[in-house]
$ cat my_file_27.txt   # compact mmCIF, C-alpha atoms
# COMPACT_ATOMS: atom_id res chain seq x y z
CA LEU P 1 20.88 3.73 9.69
CA LYS P 2 22.87 3.81 12.91
CA LYS P 3 21.97 7.44 13.58
CA VAL P 4 18.24 6.80 13.18
CA LEU P 5 17.88 3.29 14.57
CA VAL P 6 20.46 3.36 17.38
CA ASP P 7 21.90 6.78 18.25
CA ARG P 8 18.71 8.89 18.29
CA PRO P 9 16.62 6.43 20.37
CA ALA P 10 19.51 6.23 22.86
CA THR P 11 19.29 9.99 23.51
CA THR P 12 15.68 9.54 24.67
CA GLY P 13 16.45 6.60 26.91
CA LYS P 14 15.29 3.98 24.41
CA GLU P 15 18.56 2.14 24.01
CA THR P 16 18.48 -1.02 21.93
CA THR P 17 20.41 -4.22 22.44
CA ALA P 18 19.96 -5.18 18.79
CA LEU P 19 23.11 -5.34 16.71
CA LEU P 20 23.17 -3.19 13.59
CA ASP P 21 25.96 -4.13 11.21
CA GLN P 22 26.62 -4.27 7.50
CA LYS P 23 26.02 -7.68 5.94
CA GLY P 24 26.65 -6.91 2.30
CA SER P 25 26.30 -4.27 -0.38
CA LEU P 26 26.21 -3.73 -4.11
CA VAL P 27 26.73 -0.48 -5.99
CA ASP P 28 26.19 -0.38 -9.76
CA GLU P 29 25.06 2.13 -12.38
CA GLN P 30 21.37 1.70 -11.48
CA LYS P 31 21.17 1.36 -7.70
CA LEU P 32 22.64 0.91 -4.28
CA ARG P 33 21.79 -2.27 -2.38
CA PHE P 34 22.69 -2.43 1.28
CA ASP P 35 22.12 -5.40 3.59
CA PHE P 36 22.30 -5.00 7.36
CA SER P 37 21.49 -6.87 10.55
CA TRP P 38 18.38 -5.66 12.40
CA ASN P 39 15.65 -7.41 14.36
CA ALA P 40 12.56 -5.73 12.91
CA PRO P 41 11.22 -3.98 9.80
CA VAL P 42 12.24 -0.34 9.50
CA ASP P 43 9.00 1.62 9.67
CA THR P 44 7.96 4.52 7.47
CA LYS P 45 8.87 7.18 10.03
CA GLN P 46 12.35 5.72 10.42
CA LEU P 47 12.85 5.38 6.66
CA LYS P 48 11.82 9.00 6.21
CA ALA P 49 14.42 10.05 8.79
CA ILE P 50 17.11 7.92 7.11
CA GLU P 51 16.30 9.45 3.73
CA ALA P 52 16.46 12.93 5.27
CA VAL P 53 19.88 12.26 6.84
CA CYS P 54 21.22 11.13 3.46
CA GLN P 55 19.77 14.19 1.70
CA ASP P 56 21.34 16.43 4.35
CA GLN P 57 24.75 14.82 3.82
CA ILE P 58 24.43 15.42 0.07
CA GLN P 59 23.41 19.06 0.55
CA GLN P 60 26.34 19.65 2.89
CA ALA P 61 28.67 18.79 -0.02
CA LEU P 62 31.00 16.85 2.27
CA PRO P 63 34.33 15.80 0.76
CA VAL P 64 35.17 12.10 0.72
CA GLN P 65 38.54 11.76 2.51
CA VAL P 66 40.77 8.78 1.69
CA GLU P 67 44.07 8.06 3.46
CA LEU P 68 46.26 5.16 4.49
CA ALA P 69 46.78 4.89 8.24
CA LYS P 70 48.21 2.48 10.77
CA THR P 71 45.52 -0.08 11.45
CA ASP P 72 45.72 0.10 15.26
CA ASP P 73 45.55 3.91 15.19
CA ALA P 74 42.65 3.96 12.74
CA ARG P 75 40.63 1.50 14.86
CA GLN P 76 40.51 4.15 17.60
CA ILE P 77 38.38 6.52 15.49
CA ASN P 78 35.04 7.08 17.22
CA GLY P 79 32.22 5.61 15.13
CA LEU P 80 34.54 3.73 12.74
CA ARG P 81 32.91 0.96 10.70
CA ALA P 82 34.78 -2.24 10.00
CA VAL P 83 33.59 -5.73 9.13
CA PHE P 84 33.83 -8.00 12.17
CA GLY P 85 36.37 -10.77 11.68
CA GLU P 86 37.83 -9.19 8.55
CA ALA P 87 41.64 -9.22 8.31
CA TYR P 88 42.79 -5.73 7.28
CA PRO P 89 46.25 -4.85 5.97
CA ASP P 90 48.59 -2.51 7.81
CA PRO P 91 48.50 0.28 6.85
CA VAL P 92 44.77 0.22 6.11
CA ARG P 93 42.77 2.39 3.70
CA VAL P 94 40.46 4.68 5.67
CA VAL P 95 37.54 6.40 3.96
CA GLY P 96 35.71 9.21 5.73
CA ILE P 97 32.89 11.47 4.62
CA ALA P 98 33.78 14.47 6.73
CA PRO P 99 34.78 18.14 6.48
CA VAL P 100 38.28 17.41 7.80
CA THR P 101 41.08 15.08 6.71
CA ILE P 102 41.68 11.61 8.14
CA SER P 103 45.01 12.89 9.53
CA THR P 104 43.15 15.58 11.50
CA ILE P 105 40.71 13.00 12.81
CA LEU P 106 43.58 10.76 13.94
CA GLU P 107 44.96 13.59 16.06
CA ASN P 108 41.96 13.18 18.36
CA PRO P 109 40.28 9.90 17.29
CA SER P 110 37.96 9.60 20.32
CA ASP P 111 36.19 12.91 19.69
CA GLU P 112 32.40 12.38 19.81
CA LYS P 113 31.80 14.53 16.72
CA TRP P 114 33.37 11.91 14.43
CA LYS P 115 30.27 9.77 15.08
CA GLU P 116 28.33 12.33 13.00
CA TYR P 117 30.22 11.27 9.90
CA SER P 118 30.82 8.05 7.98
CA MET P 119 34.19 6.44 8.77
CA GLU P 120 35.18 3.00 7.50
CA PHE P 121 37.90 0.69 6.29
CA CYS P 122 37.20 0.21 2.60
CA GLY P 123 39.08 -0.58 -0.58
CA GLY P 124 36.24 0.30 -2.96
CA THR P 125 35.66 3.28 -5.21
CA HIS P 126 33.82 6.37 -4.01
CA LEU P 127 32.60 9.77 -5.04
CA SER P 128 34.97 12.63 -4.32
CA ASN P 129 32.17 14.66 -2.70
CA THR P 130 28.66 13.84 -1.49
CA LYS P 131 27.18 16.53 -3.74
CA GLU P 132 28.00 14.34 -6.75
CA ALA P 133 25.16 12.01 -5.67
CA GLU P 134 22.76 14.95 -6.31
CA ALA P 135 19.86 13.23 -4.51
CA LEU P 136 19.00 9.91 -2.88
CA VAL P 137 15.70 8.04 -2.82
CA LEU P 138 14.96 4.83 -0.92
CA LEU P 139 13.02 2.48 -3.17
CA SER P 140 12.47 -0.41 -0.79
CA GLU P 141 13.18 -1.96 2.60
CA GLU P 142 12.57 -5.65 3.21
CA GLY P 143 13.68 -8.70 5.12
CA ILE P 144 15.80 -11.18 3.15
CA ALA P 145 16.66 -13.62 5.95
CA LYS P 146 16.15 -13.94 9.69
CA GLY P 147 17.57 -10.81 11.27
CA ILE P 148 18.79 -9.41 7.93
CA ARG P 149 17.19 -6.44 6.18
CA ARG P 150 17.86 -4.98 2.73
CA ILE P 151 17.54 -1.39 1.51
CA VAL P 152 17.62 -0.45 -2.17
CA ALA P 153 18.23 3.18 -3.15
CA ILE P 154 18.92 5.28 -6.24
CA THR P 155 20.80 8.53 -6.76
CA LYS P 156 21.45 11.29 -9.30
CA ALA P 157 19.07 11.58 -12.29
CA ASP P 158 17.07 8.48 -11.33
CA ALA P 159 16.51 9.85 -7.82
CA LYS P 160 15.48 13.26 -9.15
CA LYS P 161 13.02 11.61 -11.51
CA ALA P 162 11.60 9.55 -8.64
CA LEU P 163 11.19 12.69 -6.53
CA GLU P 164 9.37 14.44 -9.38
CA GLU P 165 7.06 11.47 -9.95
CA GLY P 166 6.39 11.23 -6.22
CA ALA P 167 5.54 14.93 -6.01
CA ALA P 168 3.17 14.62 -8.99
CA LEU P 169 1.39 11.65 -7.37
CA GLN P 170 1.17 13.51 -4.06
CA LYS P 171 -0.59 16.38 -5.86
CA GLN P 172 -3.02 13.98 -7.56
CA VAL P 173 -3.82 12.23 -4.27
CA GLU P 174 -4.29 15.57 -2.53
CA ASP P 175 -6.63 16.80 -5.28
CA ALA P 176 -8.66 13.58 -5.05
CA GLY P 177 -9.61 14.56 -1.51
CA SER P 178 -12.17 17.01 -2.90
CA LEU P 179 -14.05 14.25 -4.73
CA LYS P 180 -16.99 12.28 -3.35
CA GLY P 181 -18.95 9.11 -3.98
CA ASP P 182 -18.51 7.29 -7.26
CA GLU P 183 -15.95 9.81 -8.53
CA LEU P 184 -13.77 9.28 -5.47
CA GLU P 185 -14.06 5.49 -5.77
CA ALA P 186 -12.92 5.57 -9.42
CA LYS P 187 -10.05 7.93 -8.60
CA VAL P 188 -8.87 5.81 -5.68
CA LYS P 189 -8.71 2.74 -7.93
CA GLN P 190 -6.71 4.66 -10.54
CA LEU P 191 -4.32 6.23 -8.04
CA THR P 192 -3.77 2.94 -6.21
CA VAL P 193 -2.46 1.41 -9.43
CA SER P 194 -0.27 4.46 -10.12
CA VAL P 195 1.16 4.57 -6.60
CA ASN P 196 1.84 0.83 -6.38
CA GLY P 197 3.54 0.82 -9.79
CA GLY P 198 5.42 4.09 -9.42
CA LYS P 199 9.22 4.17 -9.11
CA ILE P 200 9.08 6.58 -6.19
CA SER P 201 10.37 6.79 -2.63
CA THR P 202 9.13 3.92 -0.49
CA VAL P 203 8.39 6.59 2.13
CA THR P 204 6.19 8.58 -0.24
CA LYS P 205 4.53 5.36 -1.41
CA ALA P 206 3.65 4.34 2.16
CA GLU P 207 2.30 7.80 2.99
CA LEU P 208 0.16 7.94 -0.15
CA ARG P 209 -1.19 4.44 0.49
CA GLU P 210 -2.27 5.59 3.95
CA VAL P 211 -4.15 8.56 2.47
CA LEU P 212 -5.78 6.35 -0.17
CA GLN P 213 -6.82 3.94 2.57
CA ASP P 214 -8.58 6.81 4.33
CA TYR P 215 -10.30 7.71 1.06
CA SER P 216 -11.38 4.08 0.68
CA LYS P 217 -13.03 4.23 4.10
CA LYS P 218 -15.00 7.27 2.90
CA VAL P 219 -16.04 5.32 -0.20
CA VAL P 220 -17.23 2.38 1.92
CA ALA P 221 -19.28 4.74 4.11
CA TYR P 222 -20.77 6.39 1.00
CA LYS P 223 -21.70 3.03 -0.51
CA LYS P 224 -23.38 1.95 2.72
CA GLU P 225 -25.45 5.14 2.78
CA LYS P 226 -26.27 4.73 -0.90
CA ALA P 227 -27.24 1.09 -0.44
CA ALA P 228 -29.47 1.95 2.53
CA ALA P 229 -31.26 4.64 0.55
CA GLN P 230 -31.55 2.37 -2.47
CA THR P 231 -32.88 -0.47 -0.33
CA GLY P 232 -35.63 1.75 1.05
CA GLU P 233 -36.61 2.88 -2.45
CA ILE P 234 -36.78 -0.67 -3.82
CA VAL P 235 -38.69 -2.04 -0.82
CA ALA P 236 -41.29 0.74 -1.06
CA LYS P 237 -41.76 -0.10 -4.75
CA LEU P 238 -42.16 -3.82 -3.99
CA VAL P 239 -44.60 -3.26 -1.13
CA LYS P 240 -46.78 -1.07 -3.32
CA LEU P 241 -46.68 -3.71 -6.07
CA ALA P 242 -47.62 -6.41 -3.57
CA GLU P 243 -50.63 -4.39 -2.42
CA THR P 244 -51.96 -4.07 -5.99
CA THR P 245 -51.15 -7.56 -7.27
CA GLU P 246 -53.45 -10.60 -7.05
CA GLY P 247 -51.97 -14.01 -6.32
CA ASP P 248 -49.01 -15.15 -4.28
CA LYS P 249 -46.15 -13.82 -6.48
CA ILE P 250 -44.82 -10.48 -7.61
CA ILE P 251 -42.07 -9.86 -10.17
CA CYS P 252 -40.11 -6.63 -10.47
CA ARG P 253 -37.09 -5.28 -12.30
CA HIS P 254 -34.99 -2.73 -10.44
CA ASP P 255 -31.36 -2.28 -11.40
CA PHE P 256 -28.82 -2.16 -8.57
CA GLY P 257 -26.13 -4.26 -10.23
CA VAL P 258 -25.32 -7.78 -9.12
CA ASP P 259 -24.75 -6.87 -5.50
CA GLY P 260 -25.81 -9.79 -3.35
CA LYS P 261 -25.69 -7.71 -0.16
CA VAL P 262 -28.21 -5.21 -1.53
CA ALA P 263 -30.42 -8.06 -2.74
CA LYS P 264 -30.40 -9.68 0.69
CA ALA P 265 -31.14 -6.37 2.43
CA VAL P 266 -34.08 -5.74 0.08
CA THR P 267 -35.64 -9.18 0.44
CA THR P 268 -35.18 -9.17 4.22
CA ALA P 269 -36.83 -5.75 4.55
CA PHE P 270 -39.61 -6.73 2.16
CA ARG P 271 -40.34 -9.95 4.04
CA LYS P 272 -40.83 -8.01 7.28
CA GLN P 273 -43.59 -5.98 5.64
CA VAL P 274 -45.18 -8.53 3.31
CA LYS P 275 -45.81 -11.95 4.82
CA ASP P 276 -47.97 -13.63 2.19
CA LYS P 277 -46.32 -13.09 -1.20
CA ALA P 278 -43.19 -14.42 -2.90
CA VAL P 279 -41.06 -11.88 -4.74
CA MET P 280 -38.65 -12.12 -7.68
CA ILE P 281 -36.30 -9.21 -8.47
CA VAL P 282 -34.28 -8.89 -11.66
CA SER P 283 -31.35 -6.45 -11.47
CA ALA P 284 -28.99 -5.61 -14.33
CA ASP P 285 -25.35 -4.48 -14.34
CA GLU P 286 -24.64 -2.86 -17.70
CA GLY P 287 -20.92 -2.53 -16.99
CA SER P 288 -20.42 -6.30 -16.76
CA ASN P 289 -23.27 -7.27 -19.12
CA ARG P 290 -24.77 -9.48 -16.40
CA PHE P 291 -27.99 -9.56 -14.40
CA MET P 292 -29.12 -11.12 -11.15
CA VAL P 293 -32.35 -12.99 -10.52
CA VAL P 294 -33.30 -13.12 -6.84
CA ALA P 295 -36.36 -14.80 -5.32
CA ASN P 296 -37.68 -14.87 -1.77
CA ALA P 297 -40.82 -16.54 -0.39
CA PRO P 298 -42.58 -17.07 2.94
CA LYS P 299 -41.25 -20.12 4.72
CA ASN P 300 -43.45 -23.19 4.41
CA GLY P 301 -45.38 -21.45 1.63
CA ASP P 302 -46.53 -22.81 -1.71
CA VAL P 303 -43.79 -21.12 -3.81
CA ASP P 304 -40.48 -22.97 -4.29
CA CYS P 305 -37.92 -20.23 -5.01
CA LYS P 306 -35.24 -22.61 -6.21
CA ALA P 307 -37.57 -24.14 -8.80
CA TRP P 308 -38.98 -20.71 -9.73
CA VAL P 309 -35.52 -19.23 -10.45
CA ALA P 310 -34.42 -22.36 -12.30
CA ALA P 311 -37.50 -22.22 -14.53
CA ALA P 312 -37.09 -18.50 -15.23
CA THR P 313 -33.40 -18.82 -16.16
CA GLU P 314 -33.66 -22.11 -18.02
CA GLY P 315 -31.46 -22.13 -21.12
CA THR P 316 -29.54 -18.96 -20.14
CA GLY P 317 -26.50 -20.66 -18.58
CA GLY P 318 -27.21 -18.84 -15.32
CA LYS P 319 -25.19 -19.80 -12.26
CA GLY P 320 -26.60 -19.86 -8.76
CA GLY P 321 -28.58 -21.90 -6.30
CA GLY P 322 -30.61 -21.69 -3.13
CA LYS P 323 -33.46 -23.38 -1.33
CA GLN P 324 -37.23 -23.28 -1.19
CA ASP P 325 -37.59 -19.89 0.51
CA ALA P 326 -34.62 -18.08 -1.08
CA ALA P 327 -32.68 -18.53 -4.33
CA GLN P 328 -30.70 -16.55 -6.87
CA SER P 329 -28.89 -16.85 -10.19
CA THR P 330 -26.51 -14.64 -12.19
CA VAL P 331 -26.84 -14.62 -15.97
CA GLU P 332 -24.48 -13.36 -18.68
CA GLY P 333 -26.08 -11.20 -21.37
CA LEU P 334 -28.58 -8.41 -20.74
CA SER P 335 -30.49 -9.35 -23.90
CA LEU P 336 -31.89 -12.35 -22.00
CA ILE P 337 -33.70 -10.28 -19.36
CA ASP P 338 -37.03 -10.04 -21.18
CA SER P 339 -37.26 -13.79 -21.70
CA VAL P 340 -36.43 -14.43 -18.03
CA LEU P 341 -39.16 -12.00 -16.92
CA GLU P 342 -41.64 -13.68 -19.26
CA LYS P 343 -40.82 -17.19 -18.00
CA ALA P 344 -40.97 -16.03 -14.38
CA SER P 345 -44.55 -14.80 -14.84
CA GLN P 346 -45.82 -18.08 -16.30

$ encode --input "my_file_27.txt" --output "structure tokens"
Amino acid sequence: LKKVLVDRPATTGKETTALLDQKGSLVDEQKLRFDFSWNAPVDTKQLKAIEAVCQDQIQQALPVQVELAKTDDARQINGLRAVFGEAYPDPVRVVGIAPVTISTILENPSDEKWKEYSMEFCGGTHLSNTKEAEALVLLSEEGIAKGIRRIVAITKADAKKALEEGAALQKQVEDAGSLKGDELEAKVKQLTVSVNGGKISTVTKAELREVLQDYSKKVVAYKKEKAAAQTGEIVAKLVKLAETTEGDKIICRHDFGVDGKVAKAVTTAFRKQVKDKAVMIVSADEGSNRFMVVANAPKNGDVDCKAWVAAATEGTGGKGGGKQDAAQSTVEGLSLIDSVLEKASQ
């Protein structure tokens, strides 16, 4: 954390005045939980760097050095971690994850290179070598109180499993990039559930969510194009029907689901071309076993759309509303469509 959040920014002139210090930890058979003081969320790029530093330390197979030393001497070690205000015994137990012994470090405690390794006063249990951790994966990073953040991580077999699952999801998300339209939309929904529920690196999860978000934008663009094309097709059909139908009403079934935006686009476009006829459109959605009844009429005309829709859907349990020149209702049960069409024409 210190290397990524404090030391590296300082080398580029971006020194921080924020205090980074340990505020608590828990290590059990399932996870590592580490609480620390920091003034902002740790972003994905920073978490990725932290995870990489930990993986590098594991791959270096650094021995865990443990020695008792005079407290005053040990406090001189460059980069040493100790809990502020804590009363330590003398001699104190010094734990260092480094390629040299604590005694060697104490011979020149101010050397800058000791900051590259973990040095602390600690009475807890430890691995004998970083390679015993096998791998490390960060599962989450979150705020738990004002100015206090919490990281949860896993190691060994659980971490390896998380890495494998993350790699598999990455492949699936990458492959989804070749899909288009409805297929891409369905795949994005499926992968979003898998990614959100996966026990994988929080870094991988954030990166995959970003890719899926880009895919979702493509889906939205596709649906807009599809809706525009569909609107034109429906309007052309309605205009032709209006030209060949006597009276002041036309009724048409054209299935585009129960999409209110499409219905509004169709009726608006139709009204620009046909000024003297009211229109009712019935559109079914087989997937949800529902259908929509939409009516639109010239303002100040003789047709009351609200009454017309109410009469057509009477007894169906349809839900909707509207006013004299525009109304709609959604009905459960596709088997009721024929009766609605029949009532609408009366």

$ atom_distance --input "my_file_27.txt" --atom1 "atom CA of Glu210 of chain P" --atom2 "atom CA of Leu20 of chain P"
28.6 Å

$ closest_residue --input "my_file_27.txt" --among "P:Glu134, P:Glu142, P:Glu342, P:Asp302" --to "Lys161 of chain P" --atoms "only C-alpha atoms"
P:Glu134

$ closest_residue --input "my_file_27.txt" --among "P:Glu86, P:Glu120, P:Asp338, P:Glu164" --to "Ala98 of chain P" --atoms "all atoms listed in the file"
P:Glu120

$ residues_around --input "my_file_27.txt" --residues "Gln346 of chain P" --least-positions-apart "4" --cutoff "10 Å" --atoms "only C-alpha atoms" --output "MDAnalysis selection string"
chainID P and resid 308 311:312 341:342

$ atom_distance --input "my_file_27.txt" --atom1 "atom CA of Val92 of chain P" --atom2 "atom CA of Glu112 of chain P"
22.1 Å

$ residues_around --input "my_file_27.txt" --residues "segment 42-54 of chain P" --least-positions-apart "5" --cutoff "8 Å" --atoms "all atoms listed in the file" --output "PDB file with C-alpha atoms, in the frame of the given file"
ATOM      1  CA  LEU P   1      20.880   3.730   9.690  1.00  0.00           C
ATOM      2  CA  VAL P   4      18.240   6.800  13.180  1.00  0.00           C
ATOM      3  CA  LEU P   5      17.880   3.290  14.570  1.00  0.00           C
ATOM      4  CA  LEU P 136      19.000   9.910  -2.880  1.00  0.00           C
ATOM      5  CA  VAL P 137      15.700   8.040  -2.820  1.00  0.00           C
ATOM      6  CA  LEU P 138      14.960   4.830  -0.920  1.00  0.00           C
ATOM      7  CA  GLU P 141      13.180  -1.960   2.600  1.00  0.00           C
ATOM      8  CA  VAL P 203       8.390   6.590   2.130  1.00  0.00           C
ATOM      9  CA  ALA P 206       3.650   4.340   2.160  1.00  0.00           C
ATOM     10  CA  GLU P 207       2.300   7.800   2.990  1.00  0.00           C
TER      11      GLU P 207
END

$ residues_near_point --input "my_file_27.txt" --point "(-1.1, 6.2, -4.1)" --cutoff "7 Å" --atoms "only C-alpha atoms" --output "MDAnalysis selection string"
chainID P and resid 169 173 191:192 194:196 205 208:209 212

$ closest_residue --input "my_file_27.txt" --among "P:Thr125, P:Asp21, P:Glu225, P:Lys31" --to "Ala157 of chain P" --atoms "all atoms listed in the file"
P:Lys31

$ atom_distance --input "my_file_27.txt" --atom1 "atom CA of Arg75 of chain P" --atom2 "atom CA of Gln57 of chain P"
23.5 Å

$ closest_residue --input "my_file_27.txt" --among "P:Gly143, P:Gly177, P:Pro99, P:Gly315" --to "Gln60 of chain P" --atoms "all atoms listed in the file"
P:Pro99

$ closest_residue --input "my_file_27.txt" --among "P:Ala61, P:Ser201, P:Asn129, P:Lys343" --to "Gln170 of chain P" --atoms "all atoms listed in the file"
P:Ser201

$ closest_residue --input "my_file_27.txt" --among "P:Val188, P:Ala82, P:Val193, P:Leu106" --to "Lys218 of chain P" --atoms "all atoms listed in the file"
P:Val188

$ residues_around --input "my_file_27.txt" --residues "Pro298 of chain P" --least-positions-apart "2" --cutoff "7 Å" --atoms "all atoms listed in the file" --output "list of chain:residue names"
P:Lys275, P:Asp276, P:Lys277, P:Ala278, P:Asn300, P:Gly301, P:Asp325

$ residues_around --input "my_file_27.txt" --residues "Leu19 of chain P" --least-positions-apart "6" --cutoff "12 Å" --atoms "only C-alpha atoms" --output "VMD selection string"
chain P and resid 1 to 2 5 to 6 36 to 40 84 147 to 148

$ residues_near_point --input "my_file_27.txt" --point "(21.2, 11.7, -10.5)" --cutoff "7 Å" --atoms "only C-alpha atoms" --output "number ranges by chain"
P: 133-135, 155-160

$ residues_around --input "my_file_27.txt" --residues "Ala227 of chain P" --least-positions-apart "3" --cutoff "9 Å" --atoms "all atoms listed in the file" --output "ChimeraX atom specification"
/P:222-224,230-232,256,261-262,265

$ decode --input "my_file_27.txt" --residues "segment 256-264 of chain P" --atoms "all heavy atoms" --output "mmCIF file, in the first residue's frame"
data_model
loop_
_atom_site.group_PDB
_atom_site.id
_atom_site.type_symbol
_atom_site.label_atom_id
_atom_site.label_comp_id
_atom_site.auth_asym_id
_atom_site.auth_seq_id
_atom_site.Cartn_x
_atom_site.Cartn_y
_atom_site.Cartn_z
ATOM 1 N N PHE P 256 -44.204 -5.303 -31.582
ATOM 2 C CA PHE P 256 -42.875 -4.757 -31.252
ATOM 3 C C PHE P 256 -42.669 -4.792 -29.734
ATOM 4 O O PHE P 256 -41.930 -3.987 -29.159
ATOM 5 C CB PHE P 256 -42.715 -3.322 -31.779
ATOM 6 C CG PHE P 256 -43.830 -2.385 -31.388
ATOM 7 C CD1 PHE P 256 -43.840 -1.730 -30.168
ATOM 8 C CD2 PHE P 256 -44.895 -2.164 -32.262
ATOM 9 C CE1 PHE P 256 -44.862 -0.872 -29.821
ATOM 10 C CE2 PHE P 256 -45.929 -1.296 -31.921
ATOM 11 C CZ PHE P 256 -45.913 -0.647 -30.701
ATOM 12 N N GLY P 257 -43.358 -5.742 -29.098
ATOM 13 C CA GLY P 257 -43.257 -5.870 -27.642
ATOM 14 C C GLY P 257 -44.150 -4.865 -26.943
ATOM 15 O O GLY P 257 -45.117 -4.360 -27.517
ATOM 16 N N VAL P 258 -43.798 -4.573 -25.705
ATOM 17 C CA VAL P 258 -44.562 -3.581 -24.940
ATOM 18 C C VAL P 258 -43.653 -2.383 -24.647
ATOM 19 O O VAL P 258 -43.572 -1.893 -23.517
ATOM 20 C CB VAL P 258 -45.124 -4.193 -23.634
ATOM 21 C CG1 VAL P 258 -46.253 -5.145 -23.939
ATOM 22 C CG2 VAL P 258 -44.037 -4.912 -22.830
ATOM 23 N N ASP P 259 -43.001 -1.937 -25.691
ATOM 24 C CA ASP P 259 -42.058 -0.825 -25.595
ATOM 25 C C ASP P 259 -42.782 0.497 -25.820
ATOM 26 O O ASP P 259 -43.153 0.837 -26.938
ATOM 27 C CB ASP P 259 -40.945 -1.007 -26.631
ATOM 28 C CG ASP P 259 -39.781 -0.059 -26.418
ATOM 29 O OD1 ASP P 259 -40.016 1.070 -25.935
ATOM 30 O OD2 ASP P 259 -38.641 -0.438 -26.737
ATOM 31 N N GLY P 260 -42.982 1.232 -24.742
ATOM 32 C CA GLY P 260 -43.704 2.494 -24.825
ATOM 33 C C GLY P 260 -43.000 3.539 -25.677
ATOM 34 O O GLY P 260 -43.649 4.377 -26.317
ATOM 35 N N LYS P 261 -41.650 3.492 -25.710
ATOM 36 C CA LYS P 261 -40.909 4.462 -26.513
ATOM 37 C C LYS P 261 -41.157 4.245 -28.006
ATOM 38 O O LYS P 261 -41.318 5.200 -28.767
ATOM 39 C CB LYS P 261 -39.417 4.358 -26.206
ATOM 40 C CG LYS P 261 -39.034 4.843 -24.813
ATOM 41 C CD LYS P 261 -37.535 4.765 -24.599
ATOM 42 C CE LYS P 261 -37.165 5.285 -23.208
ATOM 43 N NZ LYS P 261 -35.696 5.195 -22.979
ATOM 44 N N VAL P 262 -41.175 2.979 -28.418
ATOM 45 C CA VAL P 262 -41.461 2.675 -29.823
ATOM 46 C C VAL P 262 -42.878 3.100 -30.169
ATOM 47 O O VAL P 262 -43.131 3.698 -31.222
ATOM 48 C CB VAL P 262 -41.266 1.168 -30.115
ATOM 49 C CG1 VAL P 262 -41.735 0.828 -31.534
ATOM 50 C CG2 VAL P 262 -39.815 0.765 -29.938
ATOM 51 N N ALA P 263 -43.818 2.804 -29.263
ATOM 52 C CA ALA P 263 -45.219 3.169 -29.500
ATOM 53 C C ALA P 263 -45.371 4.679 -29.675
ATOM 54 O O ALA P 263 -46.077 5.148 -30.582
ATOM 55 C CB ALA P 263 -46.083 2.687 -28.336
ATOM 56 N N LYS P 264 -44.692 5.435 -28.833
ATOM 57 C CA LYS P 264 -44.782 6.897 -28.925
ATOM 58 C C LYS P 264 -44.168 7.399 -30.231
ATOM 59 O O LYS P 264 -44.712 8.298 -30.890
ATOM 60 C CB LYS P 264 -44.068 7.545 -27.731
ATOM 61 C CG LYS P 264 -44.187 9.063 -27.711
ATOM 62 C CD LYS P 264 -43.625 9.648 -26.437
ATOM 63 C CE LYS P 264 -43.705 11.163 -26.434
ATOM 64 N NZ LYS P 264 -45.078 11.661 -26.587
#
